[in-house]
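Below: one structure, written as structure tokens.
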Amino acid sequence: MDKDAKDYLIVALDVPTLKEAEDIVDELGDLVGCYKVGLKLFLRFGPNAIEILKNKGKKVFLDLKLHDIPSTVAGAVDAAVDMNLDMLTVHALGGFEMMETAQKIIWEKKAGKPLILGVTILTSLDEAFLQDFLGIDKPMEKQILDLAILAKSAGLRGVVASPKEVSHIKEQCGKDFIVVTPGIRPKGAKKDDQKRVLTPDMAIIRGADFIVVGRTIINAPDRGKATLSIIEDIGDGLHKVT
């Protein structure tokens, strides 16, 4: 089924209180159907943050970037199934066994969700850091592509990667392999700590299945207007690829 432009958008609720999170969700209403809960909100309020969103009829992307021994990650995924999450992240650098063990929990419970996504390389990192501090000599794009292929071989149905790598991941892993892209910076937005970024329309043109936007919406004086502008950009991208 074809998605509407707004269905490609995930808003990151990187805010310090449940009240602020609730206010944002109520303010944006039907414009946004899926929200990302990250470390800040989840560590403060735990499952309550998930429950509030679910009670409002929203999909939840829990972005904890799990990276531990396989049995520990499997236990966390098992808990995620009970929380009725829609998406959950693990670090692809955790390796094949860790990702496969996480995915097996979904298969064994016949849950269908959450969708387990392998995080490739954070958008705040650049190639110099990989080479100088992690000792990874591969070009950034090759490293990300290899991690996406590894995630698919472990049974995962998608990854998180910057918009600049989406088209190559799709070429190697197939058009049905889901790519969620942070690193979205609308035209005219201020620079931040993300380095590998693109505009919403360009991310869609390259094949992104979902784009994650946080500060551009959360910190906007008119959040609804900012959201509509991003949805319009997504629509422009969709128009260019149809």
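Starting from 1 in every chain, residues are counted up; chains themselves are A, B, ... following the order of the structure tokens, and ligands are numbered from 1 as listed.
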
Residue list (alpha helix (DSSP H), DSSP) for region 56-108 of chain A, as a PyMOL selection string
chain A and resi 70-82+96-108

Go ahead and save the picked residues with C-alpha atoms, as a CSV table (one decimal), in the first residue's frame.
chain,number,residue,atom,x,y,z
A,70,PRO,CA,23.6,-11.7,22.4
A,71,SER,CA,21.7,-13.1,25.3
A,72,THR,CA,21.4,-9.7,27.0
A,73,VAL,CA,20.1,-8.1,23.8
A,74,ALA,CA,17.7,-11.0,23.3
A,75,GLY,CA,16.3,-10.3,26.7
A,76,ALA,CA,15.8,-6.7,25.9
A,77,VAL,CA,14.0,-7.5,22.6
A,78,ASP,CA,11.8,-9.9,24.5
A,79,ALA,CA,10.8,-7.1,26.8
A,80,ALA,CA,10.2,-4.8,23.7
A,81,VAL,CA,7.7,-7.3,22.3
A,82,ASP,CA,5.7,-7.0,25.5
A,96,PHE,CA,26.1,-11.1,13.3
A,97,GLU,CA,25.3,-13.4,16.3
A,98,MET,CA,23.9,-10.5,18.4
A,99,MET,CA,21.6,-9.3,15.5
A,100,GLU,CA,20.5,-12.8,14.6
A,101,THR,CA,19.7,-13.7,18.2
A,102,ALA,CA,17.6,-10.5,18.5
A,103,GLN,CA,15.7,-11.2,15.4
A,104,LYS,CA,15.0,-14.8,16.4
A,105,ILE,CA,13.0,-13.5,19.4
A,106,ILE,CA,10.6,-11.9,17.0
A,107,TRP,CA,10.4,-15.1,14.9
A,108,GLU,CA,9.9,-17.4,17.9

Could you check which of A:Ala161, A:Asp26, A:Phe177, A:Lys6 is closest to Ser124 (chain A), using only C-alpha atoms?
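That would be A:Ala161, the residue with the smallest distance to Ser124 (chain A).
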
Selection near Leu39 (chain A), 8 Å with only C-alpha atoms, sequence-local residues under 2 positions removed, as a list in words
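Selected residues are Val37, Leu41, Phe42, Leu43, Asp63 and Leu64 of chain A.
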
Would you put the residues from that selection into a file with N, CA and C atoms, as a PDB file, in the first residue's frame?
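part_36.pdb, freshly written:
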ATOM      1  N   VAL A  37      11.361   7.560  20.535  1.00  0.00           N
ATOM      2  CA  VAL A  37      11.732   7.760  21.935  1.00  0.00           C
ATOM      3  C   VAL A  37      13.180   7.324  22.089  1.00  0.00           C
ATOM      4  N   LEU A  41      14.390  10.468  27.102  1.00  0.00           N
ATOM      5  CA  LEU A  41      13.029  10.286  27.595  1.00  0.00           C
ATOM      6  C   LEU A  41      12.848   8.917  28.245  1.00  0.00           C
ATOM      7  N   PHE A  42      13.441   7.881  27.628  1.00  0.00           N
ATOM      8  CA  PHE A  42      13.224   6.537  28.144  1.00  0.00           C
ATOM      9  C   PHE A  42      13.921   6.313  29.484  1.00  0.00           C
ATOM     10  N   LEU A  43      15.111   6.854  29.653  1.00  0.00           N
ATOM     11  CA  LEU A  43      15.821   6.662  30.917  1.00  0.00           C
ATOM     12  C   LEU A  43      15.158   7.418  32.063  1.00  0.00           C
ATOM     13  N   ASP A  63      14.594   4.011  20.269  1.00  0.00           N
ATOM     14  CA  ASP A  63      15.958   4.085  19.740  1.00  0.00           C
ATOM     15  C   ASP A  63      16.971   4.030  20.879  1.00  0.00           C
ATOM     16  N   LEU A  64      17.265   2.797  21.335  1.00  0.00           N
ATOM     17  CA  LEU A  64      18.231   2.619  22.424  1.00  0.00           C
ATOM     18  C   LEU A  64      19.586   2.127  21.933  1.00  0.00           C
TER      19      LEU A  64
END

Could you pull out the strand (DSSP E) residues of region 11-150 of chain A, going by DSSP on the backbone, and write them as an MDAnalysis selection string?
chainID A and resid 11:12 34:37 59:66 87:91 115:119

Would you put the residues from that selection into a file with C-alpha atoms, as a compact mmCIF listing (two decimals), in the first residue's frame?
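New file part_4.txt:
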# COMPACT_ATOMS: atom_id res chain seq x y z
CA VAL A 11 9.46 12.87 14.97
CA ALA A 12 12.14 12.46 17.63
CA CYS A 34 5.11 7.82 14.62
CA TYR A 35 7.45 9.13 17.30
CA LYS A 36 11.00 8.20 18.25
CA VAL A 37 11.73 7.76 21.94
CA LYS A 59 3.50 4.19 16.58
CA VAL A 60 6.68 4.09 18.67
CA PHE A 61 10.29 3.81 17.52
CA LEU A 62 12.42 3.05 20.59
CA ASP A 63 15.96 4.09 19.74
CA LEU A 64 18.23 2.62 22.42
CA LYS A 65 20.92 1.29 20.05
CA LEU A 66 21.32 -1.96 22.00
CA MET A 87 10.61 -0.28 15.88
CA LEU A 88 13.73 -0.93 17.97
CA THR A 89 17.41 -0.33 17.26
CA VAL A 90 20.47 -2.49 17.85
CA HIS A 91 24.04 -1.62 16.88
CA LEU A 115 10.92 -4.12 13.47
CA ILE A 116 14.57 -4.57 14.51
CA LEU A 117 16.83 -2.02 12.82
CA GLY A 118 20.62 -2.26 12.73
CA VAL A 119 22.32 1.08 13.37

I'd like the interatomic distance between CA of Glu27 (chain A) and CA of Val180 (chain A), to a tenth of an Å.
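Calculated distance between CA of Glu27 (chain A) and CA of Val180 (chain A) is 24.2 Å.
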
Which residues are close to Leu31 (chain A), i.e. within 9 Å by only C-alpha atoms, leaving aside same-chain residues fewer than 2 positions away? Reply as a list in words.
Lys6, Asp7, Leu28, Gly29, Gly33, Gly224, Thr227, Leu228 and Ile231 of chain A

Write a file of the selected residues as a PDB file, in the first residue's frame, keeping N, CA and C atoms.
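Output file result.pdb follows:
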ATOM      1  N   LYS A   6       3.105  12.186   4.813  1.00  0.00           N
ATOM      2  CA  LYS A   6       3.292  12.306   6.263  1.00  0.00           C
ATOM      3  C   LYS A   6       3.674  10.977   6.911  1.00  0.00           C
ATOM      4  N   ASP A   7       3.386   9.862   6.226  1.00  0.00           N
ATOM      5  CA  ASP A   7       3.693   8.550   6.792  1.00  0.00           C
ATOM      6  C   ASP A   7       5.187   8.225   6.751  1.00  0.00           C
ATOM      7  N   LEU A  28       0.732  18.390  17.413  1.00  0.00           N
ATOM      8  CA  LEU A  28       0.921  17.934  16.030  1.00  0.00           C
ATOM      9  C   LEU A  28      -0.231  17.052  15.545  1.00  0.00           C
ATOM     10  N   GLY A  29      -0.969  16.477  16.477  1.00  0.00           N
ATOM     11  CA  GLY A  29      -2.173  15.745  16.115  1.00  0.00           C
ATOM     12  C   GLY A  29      -1.970  14.708  15.029  1.00  0.00           C
ATOM     13  N   GLY A  33       2.271  10.346  12.837  1.00  0.00           N
ATOM     14  CA  GLY A  33       1.754   9.075  13.328  1.00  0.00           C
ATOM     15  C   GLY A  33       2.764   8.236  14.071  1.00  0.00           C
ATOM     16  N   GLY A 224       3.634  22.989  14.193  1.00  0.00           N
ATOM     17  CA  GLY A 224       2.760  22.522  13.129  1.00  0.00           C
ATOM     18  C   GLY A 224       3.213  23.019  11.767  1.00  0.00           C
ATOM     19  N   THR A 227       6.354  21.194  10.733  1.00  0.00           N
ATOM     20  CA  THR A 227       6.036  19.823  10.313  1.00  0.00           C
ATOM     21  C   THR A 227       5.434  19.806   8.920  1.00  0.00           C
ATOM     22  N   LEU A 228       4.501  20.716   8.660  1.00  0.00           N
ATOM     23  CA  LEU A 228       3.880  20.788   7.334  1.00  0.00           C
ATOM     24  C   LEU A 228       4.916  21.082   6.254  1.00  0.00           C
ATOM     25  N   ILE A 231       6.713  17.858   5.551  1.00  0.00           N
ATOM     26  CA  ILE A 231       5.834  16.951   4.810  1.00  0.00           C
ATOM     27  C   ILE A 231       5.727  17.385   3.344  1.00  0.00           C
TER      28      ILE A 231
END

Could you jot down the CA of Leu13 (chain A) to CA of Ala92 (chain A) separation for me, Å, one decimal place?
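So the two atoms, CA of Leu13 (chain A) and CA of Ala92 (chain A), lie 23.2 Å apart.
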
Would you mind reading off the distance between CA of Leu93 (chain A) and CA of Val166 (chain A), one decimal, in Å?
18.2 Å

Given the choices A:Glu171, A:Val212, A:Asn48, A:Leu238, which gets closest to Leu145 (chain A) if the distance is worked out from only C-alpha atoms?
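Nearest to Leu145 (chain A): A:Glu171.
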
Out of A:Leu85, A:Leu18, A:Cys173, A:Ile217, which residue has the shortest atom-to-atom distance to Lys54 (chain A) when counting only C-alpha atoms?
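Ranking A:Leu85, A:Leu18, A:Cys173, A:Ile217 by distance to Lys54 (chain A), first place goes to A:Leu85.
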
Using only C-alpha atoms, pick whichever of A:Ser162, A:Gly38, A:Gly183, A:Val32 has the shortest atom-to-atom distance to Ala226 (chain A).
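Looking only at the distances to Ala226 (chain A), the closest residue turns out to be A:Val32.
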